[in-house]
>>> print(open('run00.cif').read())   # mmCIF, C-alpha atoms and all ligand atoms
data_run
loop_
_atom_site.label_atom_id
_atom_site.label_comp_id
_atom_site.auth_asym_id
_atom_site.auth_seq_id
_atom_site.Cartn_x
_atom_site.Cartn_y
_atom_site.Cartn_z
CA MET A 1110 96.14 115.33 74.80
CA THR A 1111 98.99 113.44 76.43
CA GLU A 1112 99.72 112.72 80.09
CA GLU A 1113 102.73 115.02 79.78
CA LYS A 1114 100.44 117.87 78.72
CA TRP A 1115 98.00 117.15 81.58
CA GLY A 1116 100.98 117.40 83.94
CA ARG A 1117 102.09 120.72 82.43
CA VAL A 1118 98.58 122.15 82.74
CA ASP A 1119 98.39 121.00 86.38
CA GLU A 1120 101.72 122.75 87.04
CA TYR A 1121 100.46 125.92 85.35
CA LEU A 1122 97.21 125.90 87.34
CA SER A 1123 98.95 125.14 90.65
CA SER A 1124 101.52 127.87 90.07
CA LEU A 1125 98.67 130.41 89.93
CA LEU A 1126 96.11 128.92 92.30
CA VAL A 1127 97.89 126.83 94.90
CA PRO A 1128 100.19 128.69 97.28
CA ASP A 1129 103.44 127.07 98.37
CA VAL A 1130 102.76 125.95 101.93
CA GLU A 1131 105.88 124.66 103.67
CA ALA A 1132 103.96 122.00 105.65
CA LEU A 1133 102.61 120.52 102.41
CA GLN A 1134 105.95 120.70 100.59
CA ASN A 1135 107.56 119.07 103.62
CA ALA A 1136 105.01 116.21 103.53
CA LEU A 1137 105.83 115.56 99.85
CA ARG A 1138 109.59 115.77 100.48
CA THR A 1139 109.70 113.46 103.50
CA SER A 1140 107.29 110.96 101.90
CA SER A 1141 109.52 110.72 98.86
CA GLN A 1142 112.69 110.46 101.00
CA ALA A 1143 111.10 107.60 102.99
CA GLY A 1144 110.24 105.76 99.76
CA LEU A 1145 106.45 106.11 100.03
CA PRO A 1146 104.70 105.69 96.66
CA PRO A 1147 103.81 109.07 95.04
CA ILE A 1148 100.08 108.32 95.02
CA GLN A 1149 98.85 111.29 97.04
CA VAL A 1150 96.33 113.64 95.48
CA SER A 1151 97.79 116.35 93.25
CA ALA A 1152 98.20 119.94 94.47
CA VAL A 1153 95.08 121.16 92.64
CA GLN A 1154 93.08 118.21 94.00
CA GLY A 1155 94.38 118.94 97.51
CA LYS A 1156 93.20 122.53 97.17
CA PHE A 1157 89.85 121.25 95.88
CA LEU A 1158 89.43 119.09 99.00
CA TYR A 1159 90.41 122.08 101.14
CA LEU A 1160 87.83 124.31 99.45
CA LEU A 1161 85.14 121.66 99.75
CA ALA A 1162 85.83 121.30 103.48
CA ARG A 1163 85.71 125.09 103.88
CA SER A 1164 82.48 125.30 101.84
CA VAL A 1165 80.67 122.94 104.20
CA LYS A 1166 82.34 124.59 107.23
CA ALA A 1167 83.64 121.19 108.24
CA ARG A 1168 84.48 120.67 111.90
CA ARG A 1169 84.74 116.88 111.82
CA VAL A 1170 86.49 115.09 108.97
CA LEU A 1171 87.22 111.38 108.47
CA GLU A 1172 89.90 110.28 106.03
CA ILE A 1173 90.41 106.63 105.04
CA GLY A 1174 93.96 106.26 103.65
CA THR A 1175 96.61 108.66 105.02
CA LEU A 1176 99.87 107.81 103.19
CA GLY A 1177 102.29 110.63 104.19
CA ALA A 1178 99.43 112.94 105.31
CA TYR A 1179 99.47 115.23 102.25
CA SER A 1180 95.67 115.23 101.81
CA THR A 1181 95.32 115.05 105.62
CA ILE A 1182 97.17 118.36 105.99
CA TRP A 1183 95.11 120.00 103.23
CA LEU A 1184 91.88 118.93 104.95
CA ALA A 1185 93.03 119.71 108.50
CA ARG A 1186 94.06 123.24 107.45
CA ALA A 1187 90.48 123.79 106.24
CA LEU A 1188 88.82 123.02 109.57
CA ASP A 1189 87.05 125.67 111.58
CA ALA A 1190 88.49 126.36 115.02
CA GLY A 1191 88.06 123.40 117.35
CA GLY A 1192 87.73 121.01 114.41
CA GLN A 1193 89.05 117.45 114.38
CA LEU A 1194 90.19 115.06 111.67
CA ILE A 1195 90.52 111.30 112.12
CA THR A 1196 92.68 109.54 109.54
CA LEU A 1197 93.08 105.77 109.11
CA GLU A 1198 96.25 104.10 107.83
CA SER A 1199 97.30 100.43 107.88
CA GLU A 1200 101.00 100.69 106.92
CA PRO A 1201 103.28 101.42 109.91
CA LEU A 1202 105.91 103.23 107.80
CA HIS A 1203 103.27 105.44 106.15
CA ALA A 1204 101.78 106.22 109.57
CA LYS A 1205 105.20 107.09 111.01
CA VAL A 1206 106.02 109.48 108.17
CA ALA A 1207 102.50 110.93 108.31
CA GLN A 1208 102.65 111.51 112.07
CA ALA A 1209 105.94 113.39 111.73
CA ASN A 1210 104.46 115.50 108.91
CA ILE A 1211 101.34 116.26 110.93
CA ARG A 1212 103.54 117.34 113.87
CA ALA A 1213 105.73 119.50 111.60
CA ALA A 1214 102.55 121.14 110.28
CA GLY A 1215 101.51 122.05 113.83
CA LEU A 1216 98.38 119.90 113.50
CA ASP A 1217 99.06 117.36 116.27
CA SER A 1218 96.12 118.53 118.32
CA VAL A 1219 93.76 118.52 115.31
CA VAL A 1220 94.60 115.17 113.68
CA ASP A 1221 94.02 111.76 115.26
CA LEU A 1222 95.93 109.19 113.17
CA ARG A 1223 94.85 105.60 113.82
CA LEU A 1224 97.15 102.80 112.71
CA GLY A 1225 95.54 99.57 111.52
CA PRO A 1226 93.23 98.23 108.82
CA ALA A 1227 90.37 100.66 108.22
CA LEU A 1228 87.84 97.83 108.34
CA ASP A 1229 88.88 97.28 111.99
CA ALA A 1230 88.93 100.98 112.86
CA LEU A 1231 85.56 101.91 111.34
CA PRO A 1232 83.39 99.75 113.68
CA VAL A 1233 85.39 101.21 116.60
CA LEU A 1234 84.53 104.72 115.40
CA VAL A 1235 80.86 103.73 115.30
CA SER A 1236 81.01 102.25 118.82
CA GLU A 1237 82.84 105.36 120.09
CA LYS A 1238 80.08 107.49 118.51
CA ALA A 1239 82.87 109.41 116.74
CA GLY A 1240 80.45 110.56 114.06
CA PRO A 1241 78.68 112.16 112.49
CA PHE A 1242 81.40 113.59 110.28
CA ASP A 1243 80.82 116.62 108.07
CA LEU A 1244 83.12 115.34 105.32
CA ILE A 1245 84.58 111.89 104.62
CA PHE A 1246 87.40 111.27 102.14
CA ILE A 1247 87.80 107.62 101.02
CA ASP A 1248 91.24 106.99 99.47
CA ALA A 1249 92.67 103.67 100.72
CA ASP A 1250 92.81 100.16 99.17
CA LYS A 1251 90.37 100.37 96.28
CA VAL A 1252 88.91 96.85 96.61
CA ASN A 1253 87.34 97.78 99.94
CA THR A 1254 85.75 101.00 98.72
CA PRO A 1255 82.17 99.60 98.74
CA SER A 1256 82.60 98.60 102.42
CA TYR A 1257 84.20 101.94 103.30
CA PHE A 1258 81.21 103.66 101.76
CA GLU A 1259 78.77 101.56 103.82
CA TRP A 1260 80.66 102.39 107.02
CA SER A 1261 80.81 106.04 106.00
CA LEU A 1262 77.01 106.14 105.80
CA LYS A 1263 76.86 104.89 109.41
CA LEU A 1264 79.15 107.77 110.38
CA SER A 1265 77.19 110.44 108.48
CA ARG A 1266 74.29 112.81 108.99
CA SER A 1267 72.08 114.64 106.54
CA GLY A 1268 74.47 117.05 104.78
CA THR A 1269 77.64 114.96 105.10
CA VAL A 1270 79.78 115.06 101.96
CA ILE A 1271 81.54 111.81 100.99
CA ILE A 1272 84.33 111.98 98.40
CA VAL A 1273 85.85 108.87 96.88
CA ASP A 1274 89.08 108.99 94.88
CA ASN A 1275 90.14 106.86 91.91
CA VAL A 1276 86.73 105.78 90.63
CA VAL A 1277 87.52 106.06 86.90
CA ARG A 1278 90.65 103.86 86.75
CA LYS A 1279 91.94 105.19 83.39
CA GLY A 1280 88.46 104.65 81.95
CA ALA A 1281 88.30 100.98 82.92
CA ILE A 1282 85.22 101.72 85.06
CA ALA A 1283 83.16 101.55 81.85
CA ASP A 1284 84.59 98.16 80.81
CA PRO A 1285 82.17 95.44 81.99
CA SER A 1286 84.70 92.73 81.10
CA SER A 1287 87.49 94.13 83.29
CA GLU A 1288 89.02 91.49 85.54
CA ASP A 1289 90.93 94.00 87.68
CA PRO A 1290 89.60 93.64 91.27
CA ALA A 1291 90.02 97.39 91.90
CA VAL A 1292 87.96 98.19 88.79
CA GLN A 1293 85.32 95.63 89.73
CA ALA A 1294 85.14 97.16 93.23
CA MET A 1295 84.64 100.64 91.78
CA GLN A 1296 81.94 99.32 89.44
CA ARG A 1297 80.15 97.79 92.47
CA PHE A 1298 80.62 101.04 94.38
CA VAL A 1299 79.18 103.26 91.61
CA SER A 1300 76.20 100.90 91.26
CA MET A 1301 75.63 101.11 95.02
CA LEU A 1302 75.87 104.88 94.84
CA GLY A 1303 73.25 105.08 92.08
CA ALA A 1304 70.86 102.78 93.93
CA GLU A 1305 71.36 104.28 97.40
CA PRO A 1306 68.31 106.37 98.37
CA ARG A 1307 70.17 108.03 101.27
CA VAL A 1308 72.51 109.97 98.96
CA SER A 1309 72.52 112.13 95.86
CA ALA A 1310 75.77 111.50 93.99
CA THR A 1311 77.83 112.18 90.93
CA ALA A 1312 81.29 111.30 89.61
CA LEU A 1313 83.76 113.31 87.55
CA GLN A 1314 86.55 112.21 85.25
CA ILE A 1315 89.80 114.02 86.00
CA VAL A 1316 93.04 114.27 84.04
CA GLY A 1317 96.17 115.85 85.43
CA ALA A 1318 99.57 115.22 86.98
CA LYS A 1319 98.22 111.92 88.32
CA GLY A 1320 97.05 110.66 84.92
CA TYR A 1321 93.41 109.82 84.13
CA ASP A 1322 91.08 109.03 87.00
CA GLY A 1323 88.23 110.66 88.89
CA PHE A 1324 86.33 111.50 92.08
CA ALA A 1325 82.85 110.47 93.15
CA LEU A 1326 80.97 112.88 95.37
CA ALA A 1327 77.93 111.94 97.44
CA LEU A 1328 75.74 114.20 99.54
CA VAL A 1329 73.94 112.41 102.34
CA LEU A 1330 70.25 113.43 102.22
C1 LIG A 1401 96.26 106.53 97.81
S1 LIG A 1401 97.07 106.39 99.34
C2 LIG A 1401 96.38 107.72 100.27
C3 LIG A 1401 96.80 109.05 99.74
C4 LIG A 1401 96.40 110.20 100.64
N1 LIG A 1401 94.97 110.23 100.86
C5 LIG A 1401 96.82 111.51 99.97
O1 LIG A 1401 96.17 111.90 98.99
O2 LIG A 1401 97.80 112.13 100.44
C6 LIG A 1401 96.30 105.00 100.08
C7 LIG A 1401 96.76 104.71 101.49
O3 LIG A 1401 95.83 103.77 102.05
C8 LIG A 1401 96.56 102.88 102.84
N2 LIG A 1401 95.80 101.63 103.00
C9 LIG A 1401 95.78 100.56 102.15
N3 LIG A 1401 94.98 99.60 102.64
C10 LIG A 1401 94.48 100.08 103.81
C11 LIG A 1401 93.61 99.55 104.79
N4 LIG A 1401 93.08 98.33 104.65
N5 LIG A 1401 93.32 100.30 105.86
C12 LIG A 1401 93.85 101.56 106.00
N6 LIG A 1401 94.69 102.10 105.11
C13 LIG A 1401 95.00 101.38 104.03
C14 LIG A 1401 97.86 102.68 102.07
O4 LIG A 1401 98.87 102.15 102.91
C15 LIG A 1401 98.14 104.09 101.57
O5 LIG A 1401 98.95 104.77 102.47
#
>>> encode(input="run00.cif", output="structure tokens", more="lines below")
Ligand SMILES: C[S@@+](CC[C@H](N)C(=O)[O-])C[C@H]1O[C@@H](n2cnc3c(N)ncnc32)[C@H](O)[C@@H]1O
Amino acid sequence: MTEEKWGRVDEYLSSLLVPDVEALQNALRTSSQAGLPPIQVSAVQGKFLYLLARSVKARRVLEIGTLGAYSTIWLARALDAGGQLITLESEPLHAKVAQANIRAAGLDSVVDLRLGPALDALPVLVSEKAGPFDLIFIDADKVNTPSYFEWSLKLSRSGTVIIVDNVVRKGAIADPSSEDPAVQAMQRFVSMLGAEPRVSATALQIVGAKGYDGFALALVL
């Protein structure tokens, strides 16, 4: 199967399963117009995150890596009444576009976007006692994923779901000789996950409009 075919299947599935929501289309449009890289989750993945958040009846969500707020809006729309989502973004342009998209989606009062490196923001969240979160989505700079996971555990409770994007890296995760720092970070992260007694975890390979990659999912015990 080719990447083109994966894309066509994603389009087919989204056309039947993912409704056109103007706030989400607007986030994609404005992100593209502002020149943001098209590295947001796909529509079917966004709906997956939404369903996961609804399944755990999430009221508090933490997202690490906002971009133009596409996944943010999916997750924020899933929250029960009174819910809150904190999202961390280090690039001022991405944060500006994201904030406008969050406002246009009517989610200003639900989403707290914090501008700055996530490794600075996470200790602040711990000191503010912002946790525990019900669901945490890690999708920022890949080399820091192991640290983001450690901070996420500090902001979790028994039952928290932690999802990590881009763990498969076009299959390079299984290449022990890879010299790519993002791959090496994901290899460290998956090893941590397997050895971490506080979670039960798995990881899935995914193909689709975004190529070949995958999610890891950890349940805090
Ligand atoms: C893959 S994109 C996020 C996509 C978004 N979750 C979505 O699916 O719509 C990664 C984002 O993380 C941001 N980022 C990179 N390094 C970061 C850091 N150290 N702290 C916070 N955000 C960071 C990037 O600027 C980028 O906007």
>>> closest_residue(input="run00.cif", among="A:Val1235, A:Ala1185, A:Leu1224, A:Val1299", to="ligand LIG 1401 (chain A)", atoms="only C-alpha atoms and all ligand atoms")
A:Leu1224
>>> closest_atom_pairs(input="run00.cif", of="chain A", to="ligand LIG 1401 (chain A)", cutoff="6 Å", atoms="all atoms listed in the file", output="JSON lines")
{"residue": "A:Ile1148", "atom": "CA", "partner": "A:LIG1401", "partner_atom": "C1", "distance": 5.1}
{"residue": "A:Gln1149", "atom": "CA", "partner": "A:LIG1401", "partner_atom": "O1", "distance": 3.4}
{"residue": "A:Val1150", "atom": "CA", "partner": "A:LIG1401", "partner_atom": "O1", "distance": 3.9}
{"residue": "A:Gly1174", "atom": "CA", "partner": "A:LIG1401", "partner_atom": "O3", "distance": 3.5}
{"residue": "A:Thr1175", "atom": "CA", "partner": "A:LIG1401", "partner_atom": "C4", "distance": 4.6}
{"residue": "A:Leu1176", "atom": "CA", "partner": "A:LIG1401", "partner_atom": "O5", "distance": 3.3}
{"residue": "A:Ala1178", "atom": "CA", "partner": "A:LIG1401", "partner_atom": "O2", "distance": 5.2}
{"residue": "A:Tyr1179", "atom": "CA", "partner": "A:LIG1401", "partner_atom": "O2", "distance": 4.0}
{"residue": "A:Ser1180", "atom": "CA", "partner": "A:LIG1401", "partner_atom": "O2", "distance": 4.0}
{"residue": "A:Leu1197", "atom": "CA", "partner": "A:LIG1401", "partner_atom": "C12", "distance": 5.3}
{"residue": "A:Glu1198", "atom": "CA", "partner": "A:LIG1401", "partner_atom": "N6", "distance": 3.7}
{"residue": "A:Ser1199", "atom": "CA", "partner": "A:LIG1401", "partner_atom": "C12", "distance": 4.1}
{"residue": "A:Glu1200", "atom": "CA", "partner": "A:LIG1401", "partner_atom": "O4", "distance": 4.8}
{"residue": "A:His1203", "atom": "CA", "partner": "A:LIG1401", "partner_atom": "O5", "distance": 5.7}
{"residue": "A:Pro1226", "atom": "CA", "partner": "A:LIG1401", "partner_atom": "N5", "distance": 3.6}
{"residue": "A:Ala1227", "atom": "CA", "partner": "A:LIG1401", "partner_atom": "N5", "distance": 3.8}
{"residue": "A:Asp1248", "atom": "CA", "partner": "A:LIG1401", "partner_atom": "N1", "distance": 5.1}
{"residue": "A:Ala1249", "atom": "CA", "partner": "A:LIG1401", "partner_atom": "O3", "distance": 3.4}
{"residue": "A:Asp1250", "atom": "CA", "partner": "A:LIG1401", "partner_atom": "N3", "distance": 4.1}
>>> atom_distance(input="run00.cif", atom1="CA of Glu1237 in chain A", atom2="CA of Gln1208 in chain A")
22.2 Å
>>> residues_around(input="run00.cif", residues="Lys1156 in chain A", least_positions_apart="5", cutoff="10 Å", atoms="only C-alpha atoms", output="PyMOL selection string")
chain A and resi 1123+1126-1128+1150-1151+1161-1162+1180+1183-1184+1187
>>> atom_distance(input="run00.cif", atom1="CA of Leu1228 in chain A", atom2="CA of Gly1192 in chain A")
24.0 Å
>>> closest_residue(input="run00.cif", among="A:Val1252, A:Ser1164, A:Ile1182, A:Leu1202", to="Asp1289 in chain A", atoms="only C-alpha atoms")
A:Val1252
>>> atom_distance(input="run00.cif", atom1="CA of Met1301 in chain A", atom2="CA of Asn1275 in chain A")
15.9 Å
>>> closest_residue(input="run00.cif", among="A:Pro1306, A:Gly1177, A:Gly1225, A:Gly1317", to="Ala1209 in chain A", atoms="all atoms listed in the file")
A:Gly1177
>>> closest_residue(input="run00.cif", among="A:Val1130, A:Ile1282, A:Val1270, A:Ala1190", to="Glu1172 in chain A", atoms="only C-alpha atoms")
A:Val1270
>>> residues_around(input="run00.cif", residues="Leu1244 in chain A", least_positions_apart="6", cutoff="8 Å", atoms="all atoms listed in the file", output="list in words")
Ala1162, Ala1167, Arg1169, Val1170, Leu1171, Thr1269, Val1270, Ile1271 and Ile1272 of chain A
>>> residues_near_point(input="run00.cif", point="(98.1, 119.2, 82.1)", cutoff="12 Å", atoms="all atoms listed in the file", output="list in words")
Met1110, Thr1111, Glu1112, Glu1113, Lys1114, Trp1115, Gly1116, Arg1117, Val1118, Asp1119, Glu1120, Tyr1121, Leu1122, Ser1123, Ser1151, Val1153, Ile1315, Val1316, Gly1317, Ala1318, Lys1319, Gly1320 and Tyr1321 of chain A
>>> write_last_selection(input="run00.cif", atoms="C-alpha atoms", output="mmCIF file, keeping the file's coordinate frame")
data_model
loop_
_atom_site.group_PDB
_atom_site.id
_atom_site.type_symbol
_atom_site.label_atom_id
_atom_site.label_comp_id
_atom_site.auth_asym_id
_atom_site.auth_seq_id
_atom_site.Cartn_x
_atom_site.Cartn_y
_atom_site.Cartn_z
ATOM 1 C CA MET A 1110 96.140 115.330 74.800
ATOM 2 C CA THR A 1111 98.990 113.440 76.430
ATOM 3 C CA GLU A 1112 99.720 112.720 80.090
ATOM 4 C CA GLU A 1113 102.730 115.020 79.780
ATOM 5 C CA LYS A 1114 100.440 117.870 78.720
ATOM 6 C CA TRP A 1115 98.000 117.150 81.580
ATOM 7 C CA GLY A 1116 100.980 117.400 83.940
ATOM 8 C CA ARG A 1117 102.090 120.720 82.430
ATOM 9 C CA VAL A 1118 98.580 122.150 82.740
ATOM 10 C CA ASP A 1119 98.390 121.000 86.380
ATOM 11 C CA GLU A 1120 101.720 122.750 87.040
ATOM 12 C CA TYR A 1121 100.460 125.920 85.350
ATOM 13 C CA LEU A 1122 97.210 125.900 87.340
ATOM 14 C CA SER A 1123 98.950 125.140 90.650
ATOM 15 C CA SER A 1151 97.790 116.350 93.250
ATOM 16 C CA VAL A 1153 95.080 121.160 92.640
ATOM 17 C CA ILE A 1315 89.800 114.020 86.000
ATOM 18 C CA VAL A 1316 93.040 114.270 84.040
ATOM 19 C CA GLY A 1317 96.170 115.850 85.430
ATOM 20 C CA ALA A 1318 99.570 115.220 86.980
ATOM 21 C CA LYS A 1319 98.220 111.920 88.320
ATOM 22 C CA GLY A 1320 97.050 110.660 84.920
ATOM 23 C CA TYR A 1321 93.410 109.820 84.130
#
